[in-house]
>>> print(open('start.cif').read())   # mmCIF, N, CA and C atoms
data_final
loop_
_atom_site.label_atom_id
_atom_site.label_comp_id
_atom_site.auth_asym_id
_atom_site.auth_seq_id
_atom_site.Cartn_x
_atom_site.Cartn_y
_atom_site.Cartn_z
N MET A 25 17.44 26.97 13.21
CA MET A 25 16.54 27.16 12.09
C MET A 25 15.32 27.92 12.58
N ALA A 26 14.94 28.93 11.88
CA ALA A 26 13.79 29.75 12.25
C ALA A 26 12.50 28.97 11.98
N VAL A 27 11.46 29.39 12.68
CA VAL A 27 10.17 28.73 12.56
C VAL A 27 9.64 28.83 11.13
N THR A 28 9.82 29.98 10.50
CA THR A 28 9.32 30.14 9.12
C THR A 28 10.06 29.22 8.15
N GLU A 29 11.38 29.04 8.34
CA GLU A 29 12.14 28.13 7.49
C GLU A 29 11.66 26.70 7.70
N TRP A 30 11.41 26.34 8.93
CA TRP A 30 10.93 25.00 9.25
C TRP A 30 9.58 24.75 8.58
N ARG A 31 8.69 25.72 8.65
CA ARG A 31 7.36 25.58 8.02
C ARG A 31 7.49 25.44 6.51
N GLN A 32 8.41 26.18 5.90
CA GLN A 32 8.62 26.06 4.46
C GLN A 32 9.12 24.66 4.10
N ASP A 33 10.02 24.13 4.92
CA ASP A 33 10.51 22.77 4.68
C ASP A 33 9.38 21.75 4.80
N VAL A 34 8.53 21.95 5.80
CA VAL A 34 7.40 21.05 5.99
C VAL A 34 6.45 21.13 4.79
N LYS A 35 6.17 22.33 4.32
CA LYS A 35 5.28 22.50 3.17
C LYS A 35 5.88 21.83 1.93
N ALA A 36 7.17 21.98 1.73
CA ALA A 36 7.82 21.36 0.58
C ALA A 36 7.74 19.83 0.68
N SER A 37 7.99 19.29 1.86
CA SER A 37 7.92 17.84 2.01
C SER A 37 6.50 17.34 1.82
N LEU A 38 5.51 18.11 2.30
CA LEU A 38 4.12 17.72 2.09
C LEU A 38 3.76 17.67 0.62
N LEU A 39 4.29 18.60 -0.15
CA LEU A 39 4.05 18.60 -1.59
C LEU A 39 4.58 17.32 -2.22
N PHE A 40 5.80 16.93 -1.85
CA PHE A 40 6.36 15.70 -2.40
C PHE A 40 5.59 14.47 -1.95
N TYR A 41 5.11 14.45 -0.70
CA TYR A 41 4.27 13.33 -0.24
C TYR A 41 2.98 13.26 -1.05
N ARG A 42 2.39 14.40 -1.33
CA ARG A 42 1.16 14.41 -2.12
C ARG A 42 1.41 13.95 -3.56
N ILE A 43 2.49 14.40 -4.12
CA ILE A 43 2.84 13.97 -5.48
C ILE A 43 3.09 12.46 -5.50
N ALA A 44 3.81 11.97 -4.51
CA ALA A 44 4.07 10.53 -4.42
C ALA A 44 2.77 9.74 -4.27
N ALA A 45 1.82 10.28 -3.49
CA ALA A 45 0.54 9.61 -3.32
C ALA A 45 -0.22 9.50 -4.63
N VAL A 46 -0.19 10.56 -5.43
CA VAL A 46 -0.85 10.53 -6.73
C VAL A 46 -0.18 9.51 -7.64
N PHE A 47 1.16 9.50 -7.66
CA PHE A 47 1.88 8.52 -8.47
C PHE A 47 1.57 7.10 -8.01
N LEU A 48 1.52 6.88 -6.70
CA LEU A 48 1.21 5.56 -6.16
C LEU A 48 -0.19 5.12 -6.58
N LEU A 49 -1.14 6.04 -6.51
CA LEU A 49 -2.49 5.73 -6.94
C LEU A 49 -2.54 5.38 -8.42
N LEU A 50 -1.91 6.20 -9.25
CA LEU A 50 -1.89 5.93 -10.69
C LEU A 50 -1.19 4.61 -11.01
N PHE A 51 -0.09 4.34 -10.32
CA PHE A 51 0.63 3.08 -10.53
C PHE A 51 -0.24 1.89 -10.15
N ALA A 52 -0.91 1.97 -8.99
CA ALA A 52 -1.74 0.86 -8.53
C ALA A 52 -2.91 0.61 -9.48
N VAL A 53 -3.56 1.68 -9.91
CA VAL A 53 -4.69 1.52 -10.83
C VAL A 53 -4.20 0.95 -12.16
N GLY A 54 -3.13 1.52 -12.68
CA GLY A 54 -2.59 1.03 -13.95
C GLY A 54 -2.15 -0.42 -13.88
N HIS A 55 -1.49 -0.78 -12.80
CA HIS A 55 -1.02 -2.15 -12.65
C HIS A 55 -2.18 -3.13 -12.52
N THR A 56 -3.15 -2.78 -11.70
CA THR A 56 -4.28 -3.68 -11.48
C THR A 56 -5.10 -3.87 -12.74
N LEU A 57 -5.30 -2.79 -13.49
CA LEU A 57 -6.13 -2.88 -14.69
C LEU A 57 -5.37 -3.37 -15.91
N GLY A 58 -4.08 -3.15 -15.95
CA GLY A 58 -3.37 -3.38 -17.19
C GLY A 58 -2.43 -4.55 -17.29
N PHE A 59 -2.02 -5.16 -16.19
CA PHE A 59 -0.93 -6.12 -16.31
C PHE A 59 -1.34 -7.43 -16.99
N ARG A 60 -2.64 -7.71 -17.10
CA ARG A 60 -3.07 -8.93 -17.78
C ARG A 60 -3.48 -8.67 -19.24
N GLN A 61 -3.29 -7.47 -19.72
CA GLN A 61 -3.68 -7.14 -21.09
C GLN A 61 -2.46 -7.10 -22.00
N SER A 62 -2.71 -7.34 -23.28
CA SER A 62 -1.61 -7.24 -24.24
C SER A 62 -2.13 -6.62 -25.53
N ASP A 63 -1.23 -6.04 -26.28
CA ASP A 63 -1.53 -5.43 -27.56
C ASP A 63 -1.08 -6.40 -28.65
N PRO A 64 -1.95 -6.74 -29.60
CA PRO A 64 -1.54 -7.66 -30.67
C PRO A 64 -0.29 -7.20 -31.43
N ALA A 65 -0.05 -5.89 -31.45
CA ALA A 65 1.15 -5.38 -32.13
C ALA A 65 2.44 -5.86 -31.47
N TRP A 66 2.35 -6.29 -30.22
CA TRP A 66 3.56 -6.77 -29.53
C TRP A 66 4.00 -8.13 -30.07
N GLY A 67 3.09 -8.83 -30.73
CA GLY A 67 3.45 -10.13 -31.30
C GLY A 67 3.67 -11.23 -30.27
N ILE A 68 2.99 -11.16 -29.15
CA ILE A 68 3.19 -12.16 -28.11
C ILE A 68 1.96 -13.03 -27.87
N ASP A 69 1.01 -13.02 -28.82
CA ASP A 69 -0.20 -13.83 -28.65
C ASP A 69 0.12 -15.31 -28.51
N THR A 70 1.06 -15.81 -29.30
CA THR A 70 1.45 -17.21 -29.21
C THR A 70 2.04 -17.52 -27.84
N LEU A 71 2.89 -16.63 -27.36
CA LEU A 71 3.49 -16.81 -26.03
C LEU A 71 2.41 -16.83 -24.96
N LEU A 72 1.49 -15.87 -24.99
CA LEU A 72 0.43 -15.82 -23.97
C LEU A 72 -0.46 -17.05 -24.06
N GLY A 73 -0.75 -17.49 -25.28
CA GLY A 73 -1.53 -18.72 -25.45
C GLY A 73 -0.83 -19.91 -24.82
N SER A 74 0.46 -19.99 -25.01
CA SER A 74 1.24 -21.07 -24.39
C SER A 74 1.22 -20.96 -22.87
N MET A 75 1.38 -19.73 -22.38
CA MET A 75 1.38 -19.54 -20.92
C MET A 75 0.04 -19.97 -20.32
N ARG A 76 -1.04 -19.75 -21.04
CA ARG A 76 -2.38 -20.10 -20.55
C ARG A 76 -2.71 -21.58 -20.72
N SER A 77 -2.07 -22.26 -21.65
CA SER A 77 -2.46 -23.63 -21.97
C SER A 77 -1.52 -24.71 -21.43
N ILE A 78 -0.26 -24.41 -21.26
CA ILE A 78 0.68 -25.44 -20.79
C ILE A 78 0.52 -25.60 -19.29
N ARG A 79 0.11 -26.81 -18.90
CA ARG A 79 -0.15 -27.11 -17.49
C ARG A 79 0.98 -27.97 -16.95
N PHE A 80 1.27 -27.83 -15.67
CA PHE A 80 2.28 -28.65 -15.01
C PHE A 80 1.92 -28.79 -13.54
N ASP A 81 2.43 -29.84 -12.92
CA ASP A 81 2.20 -30.07 -11.50
C ASP A 81 3.36 -29.48 -10.72
N ILE A 82 3.00 -28.75 -9.67
CA ILE A 82 4.01 -28.16 -8.80
C ILE A 82 3.51 -28.26 -7.36
N GLN A 83 4.24 -28.98 -6.56
CA GLN A 83 3.94 -29.18 -5.13
C GLN A 83 2.48 -29.58 -4.92
N GLY A 84 2.00 -30.50 -5.73
CA GLY A 84 0.66 -31.03 -5.57
C GLY A 84 -0.45 -30.22 -6.23
N PHE A 85 -0.10 -29.16 -6.94
CA PHE A 85 -1.09 -28.33 -7.63
C PHE A 85 -0.84 -28.36 -9.13
N ASN A 86 -1.91 -28.31 -9.91
CA ASN A 86 -1.80 -28.24 -11.35
C ASN A 86 -1.96 -26.78 -11.76
N ARG A 87 -0.92 -26.19 -12.32
CA ARG A 87 -0.91 -24.77 -12.64
C ARG A 87 -0.42 -24.54 -14.07
N THR A 88 -0.62 -23.29 -14.54
CA THR A 88 -0.06 -22.85 -15.81
C THR A 88 0.94 -21.73 -15.51
N TYR A 89 1.74 -21.40 -16.51
CA TYR A 89 2.64 -20.25 -16.34
C TYR A 89 1.84 -18.96 -16.19
N TRP A 90 0.67 -18.91 -16.82
CA TRP A 90 -0.20 -17.74 -16.70
C TRP A 90 -0.65 -17.58 -15.24
N ASP A 91 -0.97 -18.69 -14.58
CA ASP A 91 -1.35 -18.63 -13.17
C ASP A 91 -0.24 -17.99 -12.33
N LEU A 92 1.00 -18.39 -12.60
CA LEU A 92 2.13 -17.84 -11.85
C LEU A 92 2.31 -16.35 -12.15
N PHE A 93 2.13 -15.96 -13.40
CA PHE A 93 2.24 -14.56 -13.80
C PHE A 93 1.20 -13.70 -13.09
N VAL A 94 -0.06 -14.17 -13.10
CA VAL A 94 -1.14 -13.43 -12.45
C VAL A 94 -0.90 -13.35 -10.94
N ALA A 95 -0.45 -14.43 -10.35
CA ALA A 95 -0.17 -14.44 -8.90
C ALA A 95 0.90 -13.41 -8.54
N ALA A 96 1.93 -13.33 -9.35
CA ALA A 96 2.99 -12.34 -9.08
C ALA A 96 2.44 -10.92 -9.18
N GLY A 97 1.59 -10.68 -10.16
CA GLY A 97 1.01 -9.34 -10.31
C GLY A 97 0.13 -8.95 -9.15
N PHE A 98 -0.73 -9.87 -8.71
CA PHE A 98 -1.62 -9.55 -7.61
C PHE A 98 -0.90 -9.52 -6.26
N SER A 99 0.25 -10.19 -6.16
CA SER A 99 1.01 -10.16 -4.91
C SER A 99 1.40 -8.74 -4.52
N ALA A 100 1.68 -7.91 -5.51
CA ALA A 100 2.04 -6.51 -5.24
C ALA A 100 0.88 -5.79 -4.56
N VAL A 101 -0.34 -6.04 -5.01
CA VAL A 101 -1.52 -5.40 -4.42
C VAL A 101 -1.73 -5.90 -3.00
N TRP A 102 -1.60 -7.21 -2.79
CA TRP A 102 -1.79 -7.76 -1.45
C TRP A 102 -0.72 -7.27 -0.48
N ALA A 103 0.53 -7.12 -0.96
CA ALA A 103 1.59 -6.61 -0.10
C ALA A 103 1.28 -5.20 0.36
N LEU A 104 0.74 -4.38 -0.55
CA LEU A 104 0.36 -3.02 -0.20
C LEU A 104 -0.76 -3.03 0.84
N ALA A 105 -1.74 -3.92 0.66
CA ALA A 105 -2.84 -4.02 1.62
C ALA A 105 -2.33 -4.43 3.01
N LEU A 106 -1.40 -5.38 3.05
CA LEU A 106 -0.86 -5.82 4.35
C LEU A 106 -0.05 -4.73 5.03
N SER A 107 0.68 -3.94 4.25
CA SER A 107 1.45 -2.85 4.87
C SER A 107 0.51 -1.82 5.49
N PHE A 108 -0.63 -1.55 4.84
CA PHE A 108 -1.59 -0.62 5.43
C PHE A 108 -2.27 -1.22 6.66
N ALA A 109 -2.42 -2.54 6.69
CA ALA A 109 -2.96 -3.18 7.89
C ALA A 109 -2.01 -2.95 9.07
N ALA A 110 -0.71 -3.02 8.83
CA ALA A 110 0.26 -2.74 9.89
C ALA A 110 0.19 -1.27 10.32
N ILE A 111 -0.02 -0.38 9.37
CA ILE A 111 -0.16 1.04 9.69
C ILE A 111 -1.40 1.26 10.56
N THR A 112 -2.45 0.47 10.32
CA THR A 112 -3.66 0.57 11.15
C THR A 112 -3.34 0.27 12.61
N VAL A 113 -2.53 -0.75 12.85
CA VAL A 113 -2.15 -1.10 14.23
C VAL A 113 -1.38 0.05 14.87
N VAL A 114 -0.44 0.62 14.13
CA VAL A 114 0.34 1.75 14.66
C VAL A 114 -0.58 2.94 14.94
N SER A 115 -1.48 3.23 14.01
CA SER A 115 -2.41 4.36 14.20
C SER A 115 -3.29 4.13 15.42
N TRP A 116 -3.82 2.93 15.57
CA TRP A 116 -4.68 2.61 16.71
C TRP A 116 -3.92 2.77 18.03
N THR A 117 -2.66 2.40 18.02
CA THR A 117 -1.86 2.44 19.24
C THR A 117 -1.42 3.85 19.62
N TYR A 118 -1.05 4.67 18.62
CA TYR A 118 -0.40 5.94 18.93
C TYR A 118 -1.10 7.20 18.44
N LEU A 119 -2.09 7.08 17.56
CA LEU A 119 -2.63 8.28 16.94
C LEU A 119 -4.08 8.54 17.37
N PHE A 120 -4.82 9.26 16.57
CA PHE A 120 -6.16 9.71 16.92
C PHE A 120 -7.13 9.32 15.81
N ILE A 121 -8.39 9.75 15.91
CA ILE A 121 -9.47 9.20 15.11
C ILE A 121 -9.29 9.33 13.59
N ILE A 122 -8.85 10.46 13.09
CA ILE A 122 -8.76 10.63 11.64
C ILE A 122 -7.77 9.65 11.01
N PRO A 123 -6.52 9.56 11.48
CA PRO A 123 -5.63 8.57 10.87
C PRO A 123 -6.07 7.13 11.14
N ILE A 124 -6.75 6.89 12.25
CA ILE A 124 -7.25 5.55 12.52
C ILE A 124 -8.30 5.17 11.47
N VAL A 125 -9.23 6.07 11.21
CA VAL A 125 -10.29 5.79 10.23
C VAL A 125 -9.68 5.56 8.85
N PHE A 126 -8.78 6.44 8.44
CA PHE A 126 -8.17 6.27 7.13
C PHE A 126 -7.34 5.00 7.05
N SER A 127 -6.62 4.70 8.11
CA SER A 127 -5.77 3.50 8.06
C SER A 127 -6.60 2.23 8.13
N ILE A 128 -7.84 2.31 8.55
CA ILE A 128 -8.74 1.16 8.48
C ILE A 128 -9.37 1.08 7.09
N LEU A 129 -9.81 2.21 6.56
CA LEU A 129 -10.49 2.21 5.26
C LEU A 129 -9.57 1.83 4.11
N ILE A 130 -8.32 2.27 4.15
CA ILE A 130 -7.40 1.97 3.05
C ILE A 130 -7.17 0.47 2.90
N PRO A 131 -6.80 -0.28 3.97
CA PRO A 131 -6.61 -1.72 3.75
C PRO A 131 -7.92 -2.45 3.43
N VAL A 132 -9.04 -1.96 3.95
CA VAL A 132 -10.31 -2.59 3.59
C VAL A 132 -10.56 -2.44 2.09
N CYS A 133 -10.36 -1.23 1.56
CA CYS A 133 -10.54 -1.00 0.13
C CYS A 133 -9.53 -1.78 -0.70
N LEU A 134 -8.26 -1.78 -0.27
CA LEU A 134 -7.24 -2.52 -1.01
C LEU A 134 -7.52 -4.01 -1.00
N THR A 135 -7.95 -4.52 0.15
CA THR A 135 -8.26 -5.94 0.25
C THR A 135 -9.45 -6.28 -0.65
N ALA A 136 -10.49 -5.45 -0.61
CA ALA A 136 -11.65 -5.69 -1.47
C ALA A 136 -11.25 -5.64 -2.94
N ALA A 137 -10.44 -4.66 -3.31
CA ALA A 137 -10.01 -4.54 -4.71
C ALA A 137 -9.18 -5.75 -5.12
N ALA A 138 -8.25 -6.16 -4.27
CA ALA A 138 -7.42 -7.32 -4.59
C ALA A 138 -8.26 -8.59 -4.67
N TRP A 139 -9.20 -8.72 -3.77
CA TRP A 139 -10.07 -9.90 -3.76
C TRP A 139 -10.90 -9.94 -5.05
N LEU A 140 -11.50 -8.82 -5.41
CA LEU A 140 -12.32 -8.77 -6.61
C LEU A 140 -11.48 -8.94 -7.87
N SER A 141 -10.27 -8.36 -7.87
CA SER A 141 -9.40 -8.46 -9.04
C SER A 141 -8.89 -9.88 -9.24
N ALA A 142 -8.79 -10.64 -8.16
CA ALA A 142 -8.24 -12.01 -8.25
C ALA A 142 -9.23 -12.98 -8.86
N LYS A 143 -10.50 -12.60 -8.97
CA LYS A 143 -11.49 -13.47 -9.59
C LYS A 143 -11.13 -13.61 -11.07
N PRO A 144 -11.21 -14.83 -11.60
CA PRO A 144 -10.86 -15.01 -13.02
C PRO A 144 -11.77 -14.19 -13.92
N SER A 145 -11.16 -13.51 -14.87
CA SER A 145 -11.95 -12.73 -15.82
C SER A 145 -12.46 -13.66 -16.90
N ARG A 146 -13.50 -13.24 -17.60
CA ARG A 146 -14.07 -14.06 -18.66
C ARG A 146 -13.13 -14.20 -19.84
N ALA A 147 -12.28 -13.17 -20.04
CA ALA A 147 -11.35 -13.20 -21.18
C ALA A 147 -10.15 -14.09 -20.92
N ALA A 148 -9.83 -14.35 -19.64
CA ALA A 148 -8.62 -15.11 -19.32
C ALA A 148 -8.80 -16.54 -19.49
#
>>> encode(input="start.cif", output="structure tokens")
Amino acid sequence: MAVTEWRQDVKASLLFYRIAAVFLLLFAVGHTLGFRQSDPAWGIDTLLGSMRSIRFDIQGFNRTYWDLFVAAGFSAVWALALSFAAITVVSWTYLFIIPIVFSILIPVCLTAAAWLSAKPSRAA
């Protein structure tokens, strides 16, 4: 394979990585901001009210179905933060300052966002 062909392949793959990064960002923002909201037109207000009000004991904790729903939603954000923490270790071990800085800042921001998002909202 010629050098120019290789460079074209690299440029094409970089484009797809960039597109994927934008989609990942949009997905994360949308999920974090939207998964606890509902539209009255969906007709699920009674269901959501039940999820928020029916309490039960599970393994020594008193929870609602809403608690379990919110936990599942935020678990996705925390999993993403933990994966970037692992990338930080790899970057620190094998790479140089720019990827190290970014791989530190990304999990810090994700952790802060997940931590702040996990606080109960006034509407919930």
>>> resolve_selection(input="start.cif", expression="the PyMOL selection byres ((chain A and resi 112) around 8)", output="short mmCIF file (atom, residue, chain, number, x, y, z; two decimals) with N, CA and C atoms, in the frame of the given file")
data_model
loop_
_atom_site.label_atom_id
_atom_site.label_comp_id
_atom_site.auth_asym_id
_atom_site.auth_seq_id
_atom_site.Cartn_x
_atom_site.Cartn_y
_atom_site.Cartn_z
N LEU A 106 -1.40 -5.38 3.05
CA LEU A 106 -0.86 -5.82 4.35
C LEU A 106 -0.05 -4.73 5.03
N SER A 107 0.68 -3.94 4.25
CA SER A 107 1.45 -2.85 4.87
C SER A 107 0.51 -1.82 5.49
N PHE A 108 -0.63 -1.55 4.84
CA PHE A 108 -1.59 -0.62 5.43
C PHE A 108 -2.27 -1.22 6.66
N ALA A 109 -2.42 -2.54 6.69
CA ALA A 109 -2.96 -3.18 7.89
C ALA A 109 -2.01 -2.95 9.07
N ALA A 110 -0.71 -3.02 8.83
CA ALA A 110 0.26 -2.74 9.89
C ALA A 110 0.19 -1.27 10.32
N ILE A 111 -0.02 -0.38 9.37
CA ILE A 111 -0.16 1.04 9.69
C ILE A 111 -1.40 1.26 10.56
N VAL A 113 -2.53 -0.75 12.85
CA VAL A 113 -2.15 -1.10 14.23
C VAL A 113 -1.38 0.05 14.87
N VAL A 114 -0.44 0.62 14.13
CA VAL A 114 0.34 1.75 14.66
C VAL A 114 -0.58 2.94 14.94
N SER A 115 -1.48 3.23 14.01
CA SER A 115 -2.41 4.36 14.20
C SER A 115 -3.29 4.13 15.42
N TRP A 116 -3.82 2.93 15.57
CA TRP A 116 -4.68 2.61 16.71
C TRP A 116 -3.92 2.77 18.03
N THR A 117 -2.66 2.40 18.02
CA THR A 117 -1.86 2.44 19.24
C THR A 117 -1.42 3.85 19.62
N TYR A 118 -1.05 4.67 18.62
CA TYR A 118 -0.40 5.94 18.93
C TYR A 118 -1.10 7.20 18.44
N PRO A 123 -6.52 9.56 11.48
CA PRO A 123 -5.63 8.57 10.87
C PRO A 123 -6.07 7.13 11.14
N ILE A 124 -6.75 6.89 12.25
CA ILE A 124 -7.25 5.55 12.52
C ILE A 124 -8.30 5.17 11.47
N VAL A 125 -9.23 6.07 11.21
CA VAL A 125 -10.29 5.79 10.23
C VAL A 125 -9.68 5.56 8.85
N PHE A 126 -8.78 6.44 8.44
CA PHE A 126 -8.17 6.27 7.13
C PHE A 126 -7.34 5.00 7.05
N SER A 127 -6.62 4.70 8.11
CA SER A 127 -5.77 3.50 8.06
C SER A 127 -6.60 2.23 8.13
N ILE A 128 -7.84 2.31 8.55
CA ILE A 128 -8.74 1.16 8.48
C ILE A 128 -9.37 1.08 7.09
N LEU A 129 -9.81 2.21 6.56
CA LEU A 129 -10.49 2.21 5.26
C LEU A 129 -9.57 1.83 4.11
N PRO A 131 -6.80 -0.28 3.97
CA PRO A 131 -6.61 -1.72 3.75
C PRO A 131 -7.92 -2.45 3.43
#
>>> atom_distance(input="start.cif", atom1="CA of Leu104 in chain A", atom2="CA of Thr56 in chain A")
12.2 Å
>>> axis_aligned_box(input="start.cif", around="range 116-133 of chain A", padding_each_side="4 Å", output="lines of an AutoDock Vina configuration file")
center_x = -5.5
center_y = 4.0
center_z = 9.5
size_x = 18.2
size_y = 21.2
size_z = 28.3
>>> atom_distance(input="start.cif", atom1="CA of Gln83 in chain A", atom2="CA of Ala95 in chain A")
15.8 Å
>>> residues_near_point(input="start.cif", point="(-0.4, -17.6, -22.6)", cutoff="12 Å", atoms="only C-alpha atoms", output="NGL selection string")
:A and (60-62 or 68-79 or 88-94 or 147-148)
>>> select_by_dssp(input="start.cif", residues="range 70-127 of chain A", states="helix (DSSP H, G or I)", output="number ranges by chain")
A: 70-77, 89-118, 121-127
>>> atom_distance(input="start.cif", atom1="CA of Ala100 in chain A", atom2="atom N of Leu49 in chain A")
13.0 Å
